[in-house]
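J.: Would you mind keeping the following structure in view while I ask a few things?
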Amino acid sequence: MREYNHAKIEKDWQKKWEKKKIYQVKDKVKGKKNFYQLVEFSYPSGNLHTGHWYAFSVPDIFARYKRMRGYNVLYPMGFDAFGLPAENAAIKLGADPKKWTYKQMDKMRGQLKSMGAMFDWEREIISCDPSYYKWTQYMFNQFLKKDLVYRAVTQVNWCPKDKTILANEQVADGKCDRCGADVIQKEQPQWMLRITKYADRLIDDLEKLDWPEEIKSTQKNWIGRSEGSEIDFKLVSGNETFGSVKVFTTRADTLFGVTYIVLAPENQIIKNLESSITNISEVKNYINKTKNKLELDRKQSKEKTGVEAKGIKAINPANGQEVPVWIADYVLASYGTGAVMAVPAHDERDYEFAKKYNLPIKEVVEPLFIDSSEQSKPKEGLPFVERNVVDVIVKHWKEDKYLCLKWKKVNWKTFVTGGIETGQTPEEASRMEVREESGYLDLKFVKEVSRYHSKFYHNPKNLNRFAHFHGMYFELQSDKREEMIDEEKEKHDLFWIEKENVSKFVHEESSLRIWNLLMNPDQIYTGDGILNNSGKFNGLTSEEAREKMTKEVGGKILKTYRLRDWGISRQRYWGCPIPIVYDPNGKAHPVPDKHLPWILPTDVDHTPDGTAPLARSKELLKRTEKIFGKGWKPEVETMDTFVDSSWYFYRYLDPKNKKTFADAKRRKEWMPIDLYMGGAEHTTMHLLYSRFWVKAMKDAKLASENEAYKIRRNRGLILGPDGNKMSKSKGNVIDPDEIVARLGADTVRMYLAFMGPYGITTNYPWDPNGVIGVRRFLERVWKLQYKTASSEDKISGPRVGSPDTKILSSDSASLLHKVIKKMTEDIEEYKFNTSITQMMILLNEWDKKEKILESEYKILLQLLAPFAPHITEELWMSLGEKKSIHLASWPKWDKKKVIDDTVTIAISVNGKVRSEITIEIEASEDEVKEMAQKDPKIKPWIEGKTIKKVIYVKGRLVNIVV
Ligand code: ANZ
């Protein structure tokens, strides 16, 4: 018997595969569909950790599976090779960033090859290579032509200690991630990309993508589109009008609820108002105080502060009402217009402020509930019939209990409720309803709690109801009561429910709202609804009103976004040089395409001193002057590395092309990417930037697709055995090199796939016993090779079709087919774990047998091949196969064999279930009855007794009557 020597097997096969080029991918193969599967290319950190293994080797299972399913699969790998760590190594170790990076990549390439993945290394790309960044620069130039690139002064993060600009992701908790110094904000000119121009498309196109909902919603929030209105409020001082202030609001429907106006302290308009503000020194004082606050603190500040600008008023354009003008720092200068119309009845921030400064609160929007239950949701096609209604809460005369009704015919639990007749007030209607429905008479009206509206289908009347509810509150003064008429008694039962149980008893969302408001009046309604107290707009929905009211007051409807343009300038060395030169007047010009790649100079001192390292290159300056003339200067900034990774997937398609970044034909063969698997940390940066980049490429006629990634799946993290994130400081790091050496790459790949479903962002702890378990499984597969028999007659034990198989627990052939089916279904959903379980079940069954069919063993090897490519190849070849198992196809299951042909039925004696047996579905009644009586668990119940009757219910049970 040969021993399972993983080290030798794995090395041998990796060499042979490379020599035979079995993983080389052609762009087109006759009769095969292309399948482009991408994982994020790695940063050459120089050491492959468990996270890399999880990121690359598990998706490799899927890629191999797809290949066996007959697809022409591209699963490429490369290096995202520009970036800070190389530069830091240069600063710390005095290394040459380029040499350092290439050395790291050599090491990592070797480790990546040890995975046994089907990467086509001929297509490797390296983003720091001039043959790659030439095209990054080319695209920059194209975008410049399309006015998608511009230079502007913006705020950047500045580390005063390292004297360098930091990207947002290089700042953690306001500190430099390298030296820990407090980061400050600095104004700096930057090259910007107009990603905001694509904001709408970036939101709207998400809908068509098969991406996890959480990434979609995070991207939407990040872009932060809000549709709003700009509305002018005239400013007056006494009788004098002097100009106006523009506010930005997303809720123009609440215009009638405006009770004051707020200006951001920085709002320039305050200067023009100075002479009319009577308390100007107080105002100036406040403005000075807010100057030192950070924007973030102002957004989150717990206690709102502000000061009234006395002597001036604003005129509400909707109703001509004068309202006070306040200055408060909860309004930000950088958003909207830096001024808001405050509606404390419907906005939390305004509500808090109004409470604190005693400003009026005026409700103008009432909630609208639309029933969504199957029985009561409005019926399409039926018109709505309106009706005014009361919903009446009645308190007990002595106890803290409330009157509730349980309706007999319909499943309703409510307060007293009923319609308001013409001529009745809501109070009168309430009294009448309470009297009719309960008989109580001695009511004290306390208040109208709130109003709301409700749309539902009224079943008994077969109409759609649009009900306008008044939520009323009464307290009974005594138990004075009259006899109810029988008709009412039949409709419902009355209950007095304790305060704490009311919300469990009543279940209409709308009634609950009134109840909650009564119990806790310090609440406001911030949603859309139906307008009230809004003059001629009463009764409109919020949505209708926003448009109508904005028009009516001469406002403008517009969209705003939270997304800012993408600043790509880095004052860094190890990045793609921005291909710009400045003429002697300081005007920027693109470096013409014929001079690309615009090479990163090497004569640079990397010590950070606050200037860009490229500024110290004599060669770069000389080159610039030589090409463009005396007095010309090069741009010394490099690009954000997210630019490099925004288009890398195109280059895999044609990595050696010198004429273009990727030939159009090849792009047509492969794009868009069928499946993109990656880390959960990528939501708003890489995945948003590259979506923008592709759209911009499409508009510049460089690409023909609008989106690059059809399906996106994010994976989770592998945690240390202690359940914490792996980190050197915690001493819980699993070194894949060590485990691969000890147990083999096949074991590691398969264990990682076995931990749990892939493609969901759940984290799994590394379990040392789990790895051993997987290794044992592979050893068992290895040993099975000595149990194979090449023809059926050598097999001992019952086989399909033989006469002694009436009672089957499971049968090898049908189990195998069930396994193929289940594994296929699970892999399609990235549930590699449960598909491995299937193979384990099969093995348990086979272990019981003396011999197994070689043909069936080979099917197992094929099923296992994507998971454990080396051991399966070795076993496959040792069975005399000539062609690699990885060129074989995925086994098919036989439909007939996966149908369950057995069924488990119950056996009862005198009606009590005493046992179960498994029978063939087709077994005859007599056979089943006989088996039931012979069952060892049944025997004691019938022995020595007369059997009166045996009843068989087909496929379900046998009852023996004694
Ligand atoms: C009146 C109103 C009534 C508002 C209401 C909201 C609810 P989003 O949706 O986040 O874009 N706002 C406008 N400019 C502001 C600024 N510079 N600083 C702080 N708040 C500002 O927010 C838009 C809403 O935020 C606007 O709509 C405005 O308040 C406020 F029931 O106007 B609203």
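Labels for the structure tokens follow display order: chains A, B, ..., residues from 1 in each chain, ligands from 1.
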Near segment 636-645 of chain A, within 10 Å and counting only C-alpha atoms, which residues show up once chain neighbours fewer than 5 positions away are dropped, as JSON, numbers by chain?
T.: {"A": [40, 41, 79, 80, 81, 82, 83, 84, 126, 127, 128, 132, 133, 135, 136, 137, 140, 167, 190, 191, 566, 567, 568, 569, 570, 571, 572, 573, 574, 575, 576, 577, 578, 579, 580, 581, 600, 611, 612, 613, 614, 615, 616, 617, 620, 621, 685, 686, 687, 689, 690, 693]}
J.: Keeping only C-alpha atoms, write those residues as a PDB file, in the first residue's frame.
T.:
ATOM      1  CA  GLU A  40      -9.777  40.998  -5.988  1.00  0.00           C
ATOM      2  CA  PHE A  41      -6.107  40.956  -6.890  1.00  0.00           C
ATOM      3  CA  PHE A  79      -0.924  42.188  -8.095  1.00  0.00           C
ATOM      4  CA  ASP A  80      -2.257  45.550  -6.992  1.00  0.00           C
ATOM      5  CA  ALA A  81       1.305  46.600  -6.593  1.00  0.00           C
ATOM      6  CA  PHE A  82       1.413  50.336  -5.972  1.00  0.00           C
ATOM      7  CA  GLY A  83       0.772  51.671  -2.508  1.00  0.00           C
ATOM      8  CA  LEU A  84       1.965  52.812   0.825  1.00  0.00           C
ATOM      9  CA  ILE A 126       1.125  43.989 -12.148  1.00  0.00           C
ATOM     10  CA  SER A 127      -0.322  47.436 -11.666  1.00  0.00           C
ATOM     11  CA  CYS A 128       3.046  49.103 -10.939  1.00  0.00           C
ATOM     12  CA  TYR A 132       0.115  48.482 -17.080  1.00  0.00           C
ATOM     13  CA  TYR A 133       0.146  52.046 -15.832  1.00  0.00           C
ATOM     14  CA  TRP A 135      -3.103  52.566 -19.727  1.00  0.00           C
ATOM     15  CA  THR A 136      -4.073  54.038 -16.380  1.00  0.00           C
ATOM     16  CA  GLN A 137      -2.502  57.271 -17.621  1.00  0.00           C
ATOM     17  CA  PHE A 140      -6.784  59.676 -17.264  1.00  0.00           C
ATOM     18  CA  ALA A 167      -6.244  59.249   2.239  1.00  0.00           C
ATOM     19  CA  GLN A 190      -6.025  68.309  -6.057  1.00  0.00           C
ATOM     20  CA  TRP A 191      -6.871  66.462  -9.238  1.00  0.00           C
ATOM     21  CA  TRP A 566     -13.049  61.821  -5.998  1.00  0.00           C
ATOM     22  CA  GLY A 567      -9.730  63.474  -5.185  1.00  0.00           C
ATOM     23  CA  ILE A 568      -7.032  61.242  -6.647  1.00  0.00           C
ATOM     24  CA  SER A 569      -3.870  63.267  -5.946  1.00  0.00           C
ATOM     25  CA  ARG A 570      -1.401  61.719  -3.566  1.00  0.00           C
ATOM     26  CA  GLN A 571       1.833  63.399  -2.622  1.00  0.00           C
ATOM     27  CA  ARG A 572       3.425  60.007  -2.596  1.00  0.00           C
ATOM     28  CA  TYR A 573       6.166  58.238  -4.450  1.00  0.00           C
ATOM     29  CA  TRP A 574       4.992  54.679  -5.082  1.00  0.00           C
ATOM     30  CA  GLY A 575       2.013  55.341  -7.332  1.00  0.00           C
ATOM     31  CA  CYS A 576       1.077  55.977 -10.919  1.00  0.00           C
ATOM     32  CA  PRO A 577       2.469  59.382 -12.000  1.00  0.00           C
ATOM     33  CA  ILE A 578      -0.259  61.829 -12.992  1.00  0.00           C
ATOM     34  CA  PRO A 579       0.531  62.564 -16.653  1.00  0.00           C
ATOM     35  CA  ILE A 580       0.349  66.341 -16.452  1.00  0.00           C
ATOM     36  CA  VAL A 581       2.926  69.041 -17.166  1.00  0.00           C
ATOM     37  CA  LEU A 600       7.935  57.083 -12.483  1.00  0.00           C
ATOM     38  CA  THR A 611       6.822  68.046  -0.368  1.00  0.00           C
ATOM     39  CA  ALA A 612       6.010  65.401  -2.933  1.00  0.00           C
ATOM     40  CA  PRO A 613       8.972  63.064  -3.494  1.00  0.00           C
ATOM     41  CA  LEU A 614       8.712  63.425  -7.276  1.00  0.00           C
ATOM     42  CA  ALA A 615       9.508  67.128  -6.864  1.00  0.00           C
ATOM     43  CA  ARG A 616      13.016  66.046  -5.910  1.00  0.00           C
ATOM     44  CA  SER A 617      13.671  64.123  -9.112  1.00  0.00           C
ATOM     45  CA  LEU A 620      11.740  64.093 -14.227  1.00  0.00           C
ATOM     46  CA  LEU A 621      12.320  67.823 -14.530  1.00  0.00           C
ATOM     47  CA  MET A 685     -14.579  52.570  -2.259  1.00  0.00           C
ATOM     48  CA  HIS A 686     -13.329  49.973  -4.748  1.00  0.00           C
ATOM     49  CA  LEU A 687     -16.793  48.782  -5.779  1.00  0.00           C
ATOM     50  CA  TYR A 689     -14.964  53.749  -7.857  1.00  0.00           C
ATOM     51  CA  SER A 690     -14.715  50.939 -10.387  1.00  0.00           C
ATOM     52  CA  TRP A 693     -14.745  54.132 -13.926  1.00  0.00           C
TER      53      TRP A 693
END
J.: Return as a PyMOL selection string the residues of protein, DNA or RNA that approach ligand 1 to within 6 Å, with only C-alpha atoms and all ligand atoms taken into account.
T.: chain A and resi 226+248-251+254+330-333+335-343+346-347+526
J.: Within 10 Å of segment 417-427 of chain A, which residues of segment 439-461 of chain A show up? Give each one with its shortest atom-to-atom distance in Å (one decimal) and the two atoms involved, counting only C-alpha atoms, rows by chain then rising residue number, as a tab-separated table.
T.:
residue	atom	partner	partner_atom	distance
A:Phe445	CA	A:Glu427	CA	7.4
A:Val446	CA	A:Glu427	CA	10.0
A:Lys447	CA	A:Glu427	CA	9.2
A:Glu448	CA	A:Glu427	CA	8.6
J.: Which residues of segment 516-591 of chain A come within 12 Å of segment 471-490 of chain A, and for each one, what is the closest pair of atoms and their distance in Å to one decimal, counting only C-alpha atoms, sorted by chain and residue number, as CSV?
T.:
residue,atom,partner,partner_atom,distance
A:Asn516,CA,A:Gly471,CA,11.3
A:Leu517,CA,A:Gly471,CA,9.8
A:Leu518,CA,A:Tyr473,CA,8.2
A:Met519,CA,A:Tyr473,CA,11.2
J.: Which distance in Å separates atom CA of Leu202 of chain A and atom CA of Glu828 of chain A, to one decimal?
T.: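 Atom-to-atom, atom CA of Leu202 of chain A and atom CA of Glu828 of chain A are spaced 28.3 Å apart.
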J.: Any idea what's packed within 9 Å of Asp96 of chain A, counting only C-alpha atoms, ignoring anything in its chain fewer than 6 positions away? Could you give it as a PyMOL selection string?
T.: chain A and resi 86-87+89-90+602
J.: As a VMD selection string, which residues of segment 315-547 of chain A does DSSP assign to alpha helix (DSSP H)?
T.: chain A and resid 348 to 357 426 to 438 486 to 491 502 to 505 509 to 519 542 to 547
J.: Under the rule of at most 6 Å, produce a per-residue listing of segment 346-449 of chain A near segment 492-515 of chain A: chain, number, name, the closest pair of atoms, and the distance in Å, as a Markdown table, using only C-alpha atoms.
T.:
| residue | atom | partner | partner_atom | distance |
| --- | --- | --- | --- | --- |
| A:Lys401 | CA | A:Glu498 | CA | 4.4 |
| A:Tyr402 | CA | A:Ile497 | CA | 5.2 |
| A:Leu403 | CA | A:Trp496 | CA | 4.9 |
| A:Cys404 | CA | A:Phe495 | CA | 5.2 |
| A:Leu405 | CA | A:Leu494 | CA | 4.9 |
| A:Lys406 | CA | A:Asp493 | CA | 5.2 |
| A:Trp407 | CA | A:His492 | CA | 4.3 |
| A:Lys408 | CA | A:His492 | CA | 5.2 |
| A:Lys413 | CA | A:Val506 | CA | 5.2 |
| A:Thr414 | CA | A:Val506 | CA | 5.3 |
J.: Could you save those same residues with N, CA, C and O atoms as a PDB file, in the first residue's frame?
T.:
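Output file again.pdb follows:
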ATOM      1  N   LYS A 401     -57.466  50.873  33.748  1.00  0.00           N
ATOM      2  CA  LYS A 401     -57.836  49.910  32.722  1.00  0.00           C
ATOM      3  C   LYS A 401     -58.570  50.611  31.595  1.00  0.00           C
ATOM      4  O   LYS A 401     -59.166  51.680  31.820  1.00  0.00           O
ATOM      5  N   TYR A 402     -58.573  49.995  30.409  1.00  0.00           N
ATOM      6  CA  TYR A 402     -59.100  50.666  29.231  1.00  0.00           C
ATOM      7  C   TYR A 402     -60.064  49.760  28.479  1.00  0.00           C
ATOM      8  O   TYR A 402     -59.865  48.543  28.414  1.00  0.00           O
ATOM      9  N   LEU A 403     -61.086  50.374  27.949  1.00  0.00           N
ATOM     10  CA  LEU A 403     -62.169  49.621  27.317  1.00  0.00           C
ATOM     11  C   LEU A 403     -61.767  49.121  25.924  1.00  0.00           C
ATOM     12  O   LEU A 403     -61.401  49.915  25.062  1.00  0.00           O
ATOM     13  N   CYS A 404     -61.827  47.791  25.761  1.00  0.00           N
ATOM     14  CA  CYS A 404     -61.465  47.203  24.464  1.00  0.00           C
ATOM     15  C   CYS A 404     -62.566  46.263  24.004  1.00  0.00           C
ATOM     16  O   CYS A 404     -63.281  45.684  24.817  1.00  0.00           O
ATOM     17  N   LEU A 405     -62.661  46.098  22.688  1.00  0.00           N
ATOM     18  CA  LEU A 405     -63.705  45.261  22.099  1.00  0.00           C
ATOM     19  C   LEU A 405     -63.089  44.096  21.335  1.00  0.00           C
ATOM     20  O   LEU A 405     -62.094  44.273  20.644  1.00  0.00           O
ATOM     21  N   LYS A 406     -63.753  42.955  21.494  1.00  0.00           N
ATOM     22  CA  LYS A 406     -63.359  41.839  20.648  1.00  0.00           C
ATOM     23  C   LYS A 406     -64.553  41.495  19.789  1.00  0.00           C
ATOM     24  O   LYS A 406     -65.615  41.143  20.294  1.00  0.00           O
ATOM     25  N   TRP A 407     -64.365  41.623  18.469  1.00  0.00           N
ATOM     26  CA  TRP A 407     -65.470  41.425  17.542  1.00  0.00           C
ATOM     27  C   TRP A 407     -65.675  39.947  17.299  1.00  0.00           C
ATOM     28  O   TRP A 407     -64.725  39.191  17.181  1.00  0.00           O
ATOM     29  N   LYS A 408     -66.920  39.565  17.183  1.00  0.00           N
ATOM     30  CA  LYS A 408     -67.203  38.133  17.104  1.00  0.00           C
ATOM     31  C   LYS A 408     -67.044  37.567  15.696  1.00  0.00           C
ATOM     32  O   LYS A 408     -66.488  36.493  15.519  1.00  0.00           O
ATOM     33  N   LYS A 413     -59.661  43.205  17.190  1.00  0.00           N
ATOM     34  CA  LYS A 413     -59.643  43.662  18.581  1.00  0.00           C
ATOM     35  C   LYS A 413     -59.352  45.143  18.537  1.00  0.00           C
ATOM     36  O   LYS A 413     -58.299  45.548  18.035  1.00  0.00           O
ATOM     37  N   THR A 414     -60.268  45.928  19.030  1.00  0.00           N
ATOM     38  CA  THR A 414     -60.160  47.381  18.827  1.00  0.00           C
ATOM     39  C   THR A 414     -60.576  48.149  20.076  1.00  0.00           C
ATOM     40  O   THR A 414     -61.017  47.573  21.063  1.00  0.00           O
TER      41      THR A 414
END
J.: Tell me, in Å to one decimal, how far atom CA of Asp129 of chain A is from atom CA of Lys594 of chain A.
T.: 17.5 Å
